[in-house]
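Source file: final-v6.txt (compact mmCIF, C-alpha atoms)
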# COMPACT_ATOMS: atom_id res chain seq x y z
CA GLU G 1 15.03 -128.54 232.48
CA GLY G 2 14.19 -130.37 229.29
CA ARG G 3 15.11 -134.00 228.90
CA THR G 4 17.65 -135.29 226.42
CA MET G 5 16.23 -137.42 223.61
CA ARG G 6 17.12 -138.86 220.23
CA SER G 7 15.86 -136.60 217.51
CA GLU G 8 14.20 -137.62 214.28
CA SER G 9 15.58 -136.31 210.99
CA TYR G 10 15.26 -132.57 210.51
CA ASP G 11 16.35 -129.97 208.00
CA CYS G 12 17.07 -126.35 208.91
CA ARG G 13 17.13 -125.04 205.36
CA ARG G 14 14.52 -122.78 203.84
CA PRO G 15 11.75 -124.60 201.90
CA LYS G 16 13.02 -123.53 198.44
CA GLN G 17 16.56 -124.65 199.29
CA ARG G 18 15.24 -127.98 200.57
CA GLU G 19 13.06 -128.52 197.49
CA ALA G 20 15.99 -127.79 195.15
CA ALA G 21 18.21 -130.23 197.04
CA GLU G 22 15.53 -132.93 197.00
CA ALA G 23 15.13 -132.46 193.25
CA ARG G 24 18.83 -133.28 192.95
CA GLY G 25 18.36 -136.33 195.15
CA ARG G 26 19.98 -134.80 198.26
CA THR G 27 17.85 -134.64 201.36
CA GLY G 28 20.46 -132.92 203.51
CA CYS G 29 18.77 -134.01 206.74
CA VAL G 30 20.71 -134.08 209.96
CA THR G 31 20.18 -136.31 212.96
CA GLY G 32 21.57 -136.00 216.46
CA VAL G 33 20.89 -135.70 220.16
CA ILE G 34 19.12 -132.50 221.17
CA ARG G 35 17.40 -131.09 224.21
CA ARG G 36 14.14 -129.40 223.43
CA THR G 37 12.83 -126.85 225.87
CA GLY G 38 10.24 -124.12 225.73
CA ALA G 39 9.87 -120.87 227.61
CA GLY G 40 10.76 -121.25 231.27
CA GLY G 41 12.56 -124.53 230.59
CA GLN G 42 9.40 -126.52 229.91
CA THR G 43 9.86 -129.69 227.87
CA ARG G 44 8.55 -129.46 224.32
CA SER G 45 8.42 -133.16 223.51
CA ASP G 46 4.84 -132.72 222.33
CA VAL G 47 5.84 -130.26 219.59
CA GLU G 48 6.64 -131.54 216.12
CA LYS G 49 10.17 -130.57 215.04
CA SER G 50 8.91 -129.30 211.71
CA HIS G 51 7.00 -126.58 213.58
CA MET G 52 9.67 -125.70 216.16
CA PRO G 53 11.41 -122.32 215.67
CA LEU G 54 15.16 -122.55 215.03
CA SER G 55 15.74 -120.45 218.14
CA GLU G 56 14.39 -123.36 220.21
CA GLU G 57 16.47 -126.09 218.55
CA LEU G 58 19.64 -126.92 220.46
CA ARG G 59 22.88 -128.35 219.11
CA ARG G 60 25.86 -129.62 221.09
CA ILE G 61 29.40 -128.50 220.26
CA GLY G 62 32.59 -130.17 221.43
CA ASN G 63 31.04 -133.35 222.85
CA ARG G 64 33.74 -135.81 221.84
CA ASP G 65 36.58 -137.80 223.40
CA GLY G 66 34.69 -137.87 226.68
CA ARG G 67 34.18 -134.11 226.80
CA GLU G 68 30.72 -132.73 227.51
CA GLY G 69 30.97 -129.65 225.29
CA PHE G 70 28.06 -127.23 225.42
CA GLU G 71 24.68 -126.63 223.81
CA VAL G 72 23.80 -123.71 221.54
CA THR G 73 20.58 -122.63 219.91
CA CYS G 74 20.39 -123.53 216.23
CA LEU G 75 19.88 -119.84 215.46
CA GLY G 76 22.71 -117.61 216.71
CA PHE G 77 23.57 -113.91 216.69
CA GLY G 78 26.66 -112.73 214.78
CA ALA G 79 27.87 -109.49 216.36
CA ALA G 80 30.35 -108.47 213.64
CA PRO G 81 28.29 -105.42 212.53
CA MET G 82 27.67 -104.18 216.09
CA GLY G 83 30.74 -101.96 216.09
CA ARG G 84 29.95 -100.04 212.92
CA ASP G 85 30.21 -96.24 213.17
CA THR G 86 26.83 -95.93 211.46
CA LEU G 87 25.11 -97.99 214.17
CA SER G 88 24.05 -96.19 217.35
CA ASP G 89 24.52 -97.68 220.80
CA ALA G 90 20.75 -97.83 221.22
CA ASP G 91 20.24 -99.75 217.97
CA ALA G 92 23.09 -102.15 218.73
CA LEU G 93 21.75 -102.95 222.18
CA GLY G 94 18.21 -103.13 220.85
CA ALA G 95 19.21 -105.74 218.28
CA VAL G 96 20.59 -108.00 221.00
CA ALA G 97 17.50 -107.48 223.16
CA ALA G 98 15.27 -108.45 220.23
CA ALA G 99 17.37 -111.55 219.52
CA HIS G 100 17.23 -112.62 223.16
CA ALA G 101 13.48 -112.07 223.29
CA SER G 102 13.04 -114.31 220.24
CA GLY G 103 14.88 -117.15 221.96
CA VAL G 104 18.39 -116.77 220.51
CA GLY G 105 20.91 -118.05 223.05
CA PHE G 106 24.24 -118.11 221.16
CA TYR G 107 26.29 -114.96 220.49
CA ASP G 108 29.50 -114.69 218.43
CA THR G 109 31.99 -111.81 218.36
CA ALA G 110 35.73 -111.14 217.98
CA PRO G 111 38.35 -108.53 218.92
CA TRP G 112 38.80 -107.85 215.19
CA TYR G 113 35.19 -106.73 214.74
CA SER G 114 35.54 -102.95 214.77
CA ARG G 115 38.70 -103.46 216.78
CA GLY G 116 37.10 -104.15 220.12
CA ARG G 117 33.89 -102.17 219.78
CA SER G 118 31.77 -105.20 218.93
CA GLU G 119 32.90 -106.99 222.08
CA ARG G 120 32.30 -103.90 224.22
CA ARG G 121 28.80 -103.28 222.88
CA LEU G 122 27.81 -106.94 222.99
CA GLY G 123 29.03 -107.19 226.58
CA VAL G 124 26.90 -104.22 227.63
CA ALA G 125 23.86 -105.65 225.83
CA LEU G 126 24.25 -109.11 227.38
CA SER G 127 24.75 -107.65 230.86
CA ASN G 128 20.97 -107.27 230.97
CA PHE G 129 20.59 -111.07 231.09
CA ARG G 130 21.76 -113.80 233.44
CA ARG G 131 24.96 -115.46 232.30
CA ASP G 132 23.27 -118.87 232.24
CA GLN G 133 20.75 -117.57 229.68
CA PHE G 134 23.21 -117.45 226.77
CA LYS G 135 26.35 -119.01 225.31
CA LEU G 136 29.16 -116.72 224.18
CA GLN G 137 31.98 -117.18 221.69
CA THR G 138 34.87 -114.88 220.78
CA LYS G 139 38.15 -115.32 218.92
CA VAL G 140 41.93 -115.28 219.34
CA GLY G 141 44.87 -114.36 217.12
CA ARG G 142 44.83 -110.57 217.41
CA PHE G 143 45.72 -107.97 220.02
CA ILE G 144 43.92 -104.62 219.94
CA VAL G 145 46.59 -101.91 220.27
CA ALA G 146 45.80 -98.28 221.08
CA GLY G 147 47.54 -95.64 218.98
CA GLN G 148 49.04 -98.08 216.47
CA PRO G 149 48.25 -96.77 212.97
CA ASN G 150 48.73 -100.02 211.03
CA ASP G 151 48.04 -103.71 211.48
CA ARG G 152 51.22 -105.67 212.20
CA ASP G 153 52.44 -109.17 212.97
CA SER G 154 54.28 -110.17 216.13
CA THR G 155 57.64 -109.07 214.69
CA GLY G 156 56.33 -105.57 214.00
CA ALA G 157 56.16 -106.07 210.23
CA ALA G 158 53.16 -104.60 208.42
CA ILE G 159 50.42 -107.07 207.50
CA VAL G 160 50.30 -107.92 203.80
CA SER G 161 46.53 -108.15 203.40
CA LYS G 162 44.38 -109.22 200.47
CA ALA G 163 41.24 -108.64 202.50
CA GLY G 164 41.94 -105.05 203.49
CA GLY G 165 39.88 -103.73 206.37
CA TYR G 166 36.53 -104.82 204.95
CA PRO G 167 34.13 -105.20 206.57
CA PHE G 168 35.54 -104.43 210.00
CA ALA G 169 37.71 -101.34 209.44
CA HIS G 170 35.84 -99.21 211.98
CA GLY G 171 37.52 -98.24 215.23
CA ALA G 172 40.53 -96.72 213.46
CA GLU G 173 41.86 -95.31 216.75
CA PHE G 174 43.11 -98.83 217.40
CA GLY G 175 45.52 -101.00 215.47
CA VAL G 176 45.79 -104.76 215.45
CA MET G 177 48.73 -107.05 216.13
CA HIS G 178 48.51 -110.66 214.92
CA ASP G 179 50.01 -113.22 217.29
CA TYR G 180 48.97 -116.87 217.73
CA SER G 181 51.59 -117.88 220.33
CA TYR G 182 50.90 -119.36 223.77
CA ASP G 183 51.30 -116.17 225.83
CA ALA G 184 49.42 -114.14 223.22
CA VAL G 185 46.39 -116.44 223.22
CA VAL G 186 46.25 -116.43 227.04
CA ARG G 187 46.35 -112.63 227.15
CA GLN G 188 43.92 -112.18 224.24
CA HIS G 189 41.40 -114.38 226.05
CA GLU G 190 41.78 -112.28 229.20
CA ASP G 191 41.50 -109.02 227.22
CA SER G 192 38.25 -110.22 225.63
CA LEU G 193 36.78 -111.07 229.03
CA GLN G 194 37.51 -107.50 230.12
CA ARG G 195 35.90 -105.96 227.02
CA LEU G 196 32.89 -108.26 227.27
CA GLY G 197 32.53 -107.79 231.02
CA VAL G 198 32.04 -111.51 231.69
CA SER G 199 33.84 -114.07 233.83
CA HIS G 200 34.06 -116.63 231.02
CA VAL G 201 33.24 -117.40 227.41
CA ASP G 202 32.06 -120.81 226.25
CA SER G 203 34.28 -121.20 223.21
CA LEU G 204 37.21 -119.58 221.40
CA VAL G 205 38.04 -119.54 217.69
CA ILE G 206 41.47 -119.30 216.04
CA HIS G 207 40.70 -116.36 213.78
CA ASP G 208 41.78 -115.45 210.22
CA LEU G 209 45.00 -117.43 210.09
CA ASP G 210 44.98 -117.18 206.30
CA LEU G 211 46.19 -115.25 203.25
CA GLY G 212 43.56 -112.57 203.78
CA TYR G 213 45.62 -111.17 206.62
CA GLY G 214 49.18 -112.15 205.89
CA SER G 215 51.65 -113.04 203.17
CA ARG G 216 52.57 -116.69 202.70
CA ASP G 217 55.64 -116.12 204.88
CA GLN G 218 53.51 -114.50 207.56
CA VAL G 219 50.98 -117.34 207.48
CA GLU G 220 53.85 -119.82 207.89
CA MET G 221 54.99 -117.83 210.92
CA TYR G 222 51.43 -117.85 212.31
CA LEU G 223 51.33 -121.64 211.99
CA LYS G 224 54.58 -121.94 213.93
CA GLU G 225 53.19 -119.64 216.61
CA LEU G 226 50.02 -121.71 216.73
CA VAL G 227 51.93 -124.68 218.14
CA GLY G 228 52.02 -122.72 221.40
CA GLY G 229 48.61 -121.12 220.95
CA ALA G 230 46.92 -124.48 220.41
CA ARG G 231 48.48 -125.72 223.64
CA ALA G 232 47.07 -122.69 225.48
CA LEU G 233 43.59 -123.37 224.08
CA ALA G 234 43.79 -127.05 225.01
CA ASN G 235 44.84 -126.10 228.55
CA LEU G 236 41.90 -123.71 228.86
CA ARG G 237 39.55 -126.45 227.68
CA THR G 238 41.05 -129.07 230.01
CA ALA G 239 40.71 -126.68 232.96
CA GLY G 240 37.04 -126.11 232.09
CA THR G 241 37.64 -122.39 231.47
CA ILE G 242 36.20 -122.87 227.97
CA LYS G 243 34.12 -125.79 226.70
CA ALA G 244 35.47 -125.99 223.14
CA PHE G 245 37.63 -124.27 220.56
CA GLY G 246 37.69 -124.16 216.78
CA CYS G 247 39.17 -122.41 213.75
CA GLY G 248 37.61 -119.90 211.38
CA CYS G 249 39.42 -118.81 208.21
CA ASN G 250 38.38 -117.39 204.85
CA HIS G 251 40.99 -116.46 202.25
CA PHE G 252 42.92 -119.00 200.18
CA ASP G 253 44.39 -119.03 196.68
CA GLU G 254 42.71 -122.24 195.63
CA ARG G 255 40.86 -125.26 196.99
CA GLN G 256 44.04 -127.31 197.21
CA HIS G 257 45.63 -124.69 199.44
CA CYS G 258 42.50 -124.58 201.60
CA ASP G 259 42.53 -128.36 202.07
CA GLU G 260 46.25 -128.41 202.83
CA PHE G 261 45.88 -125.60 205.33
CA ALA G 262 42.99 -127.32 207.09
CA ARG G 263 45.06 -130.49 207.38
CA ARG G 264 48.05 -128.62 208.83
CA VAL G 265 45.94 -126.77 211.40
CA ALA G 266 44.24 -130.03 212.42
CA GLU G 267 47.67 -131.59 212.96
CA ILE G 268 48.69 -128.70 215.24
CA ALA G 269 45.45 -128.10 217.15
CA ASP G 270 42.94 -130.59 218.61
CA LEU G 271 39.97 -128.68 217.17
CA ASP G 272 36.35 -129.24 218.10
CA TYR G 273 35.02 -127.57 214.93
CA TYR G 274 35.78 -125.48 211.84
CA LEU G 275 33.88 -122.36 210.87
Just give me the structure as structure tokens.
Amino acid sequence: EGRTMRSESYDCRRPKQREAAEARGRTGCVTGVIRRTGAGGQTRSDVEKSHMPLSEELRRIGNRDGREGFEVTCLGFGAAPMGRDTLSDADALGAVAAAHASGVGFYDTAPWYSRGRSERRLGVALSNFRRDQFKLQTKVGRFIVAGQPNDRDSTGAAIVSKAGGYPFAHGAEFGVMHDYSYDAVVRQHEDSLQRLGVSHVDSLVIHDLDLGYGSRDQVEMYLKELVGGARALANLRTAGTIKAFGCGCNHFDERQHCDEFARRVAEIADLDYYL
């Protein structure tokens, strides 16, 4: 296993992006503690960081307040498109195999992505590798409901959505129910483990608690539900069932609303990160 060391400054941006930032007087470099390993776990301390592929750079998430967190490769795999109707099973599984072969060790999915199909396909693809060879993240906030024609909140009211189904409207044989409460988060986590076919995930994300998938009244209700859901996530983290949890949202009316929302969520939930 590679040894932990203090890294020098590095910049993961493309050369043109870096040059443009430097021209504006912004270097954008990041420093931190990383563990550098090569194939087979061999230490790569003799390799200059500027020549190291992003798939071999490791970053630590959730290492605060005495918690260890977990390490992910700098380059991850977003599995949102894996459930598309236009993508065959063979191509979906082949994409994951190619990513794994290139050194990618962090995979992200969600129940919302093609309403469960992304999790199912990603789980099958990752079953070809040992569980200690990758880190896995999924999301909470939605149930996948068979035979339900429309997306609804926990009261049964239809979702008032600005985002529509794009880009994850596939899997129309299933509907979605939004619920961020304690019992809902516990069950959603368990449902995802079943679809993924794994005993655990490394992190969970509070997903789409925003105006893209709810009216202002519905978002206010989600925030009230999250008081319980955040407690469930914290309990899972304390028990070691997950290593970290965060929040990922997209749709707001204006920057002020975005900032206010971020503050309110941070007051409710002891987040490790925002997406």
* To do: Between G:Gly66, G:Ala80, G:Phe129, G:Glu173, single out the one closest to G:Asn150, counting all atoms listed in the file.
  =>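 Using all atoms listed in the file, G:Asn150 sits closest to G:Glu173.
Taking only C-alpha atoms into account, G:Ala90 lies nearest to G:Arg121 out of the set G:Arg60, G:Arg131, G:Arg121, G:His189.
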Could you build a table of the residues in stretch 63-123 of chain G lying no more than 12 Å from stretch 263-273 of chain G, giving for each the nearest pair of atoms and their separation in Å rounded to one decimal place, using all atoms listed in the file, ordered by chain and ascending residue number, as JSON lines?
{"residue": "G:Asn63", "atom": "CA", "partner": "G:Asp272", "partner_atom": "CA", "distance": 8.2}
{"residue": "G:Arg64", "atom": "CA", "partner": "G:Asp272", "partner_atom": "CA", "distance": 8.0}
{"residue": "G:Asp65", "atom": "CA", "partner": "G:Asp272", "partner_atom": "CA", "distance": 10.1}
{"residue": "G:Arg67", "atom": "CA", "partner": "G:Asp272", "partner_atom": "CA", "distance": 10.2}
{"residue": "G:Glu68", "atom": "CA", "partner": "G:Asp272", "partner_atom": "CA", "distance": 11.5}
{"residue": "G:Gly69", "atom": "CA", "partner": "G:Asp272", "partner_atom": "CA", "distance": 9.0}
{"residue": "G:Phe70", "atom": "CA", "partner": "G:Asp272", "partner_atom": "CA", "distance": 11.2}
* To do: Using atom CA of G:Lys243 and atom CA of G:Gly62 as the two end points, give the distance in Å to one decimal.
  =>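 According to the coordinates, atom CA of G:Lys243 and atom CA of G:Gly62 are separated by 7.0 Å.
Taking atom CA of G:His257 as the reference point, atom CA of G:Ile61 is found at 26.7 Å.
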* To do: Select, from G:Glu190, G:Asp91, G:Asp208, G:Glu225, the residue with the minimum atom-to-atom distance to G:Arg142, counting only C-alpha atoms.
  => G:Asp208
* Structure fact -> Counting only C-alpha atoms, closest pick from G:Arg195, G:Arg237, G:Arg59, G:Arg231 relative to G:Lys135 is G:Arg59
* **Point-to-point distance in Å for atom CA of G:Ile159 and atom CA of G:Asp202** => 29.6 Å
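Proximity to G:Leu93 at 9 Å, evaluated using only C-alpha atoms and with sequence-adjacent residues fewer than 2 positions away removed, yields Met82, Ser88, Asp89, Ala90, Asp91, Ala95, Val96, Ala97, Ala98, Arg121, Leu122, Val124, Ala125 and Leu126 of chain G.
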* To do: Do a neighbour search on G:Leu204 at 12 Å with all atoms listed in the file, toss out local chain neighbours closer than 6 positions, and write the hits as a ChimeraX atom specification.
  => /G:61-62,107-111,135-141,185-186,188-190,192-193,229-230,232-234,236-237,241-248,271-275
* Could you give me, as a ChimeraX atom specification, the residues within 10 Å of G:His178, counting all atoms listed in the file and dropping anything in the same chain fewer than 2 positions from it? => /G:140-144,151-156,159,176,180-181,184,207-209,213-214,218,222
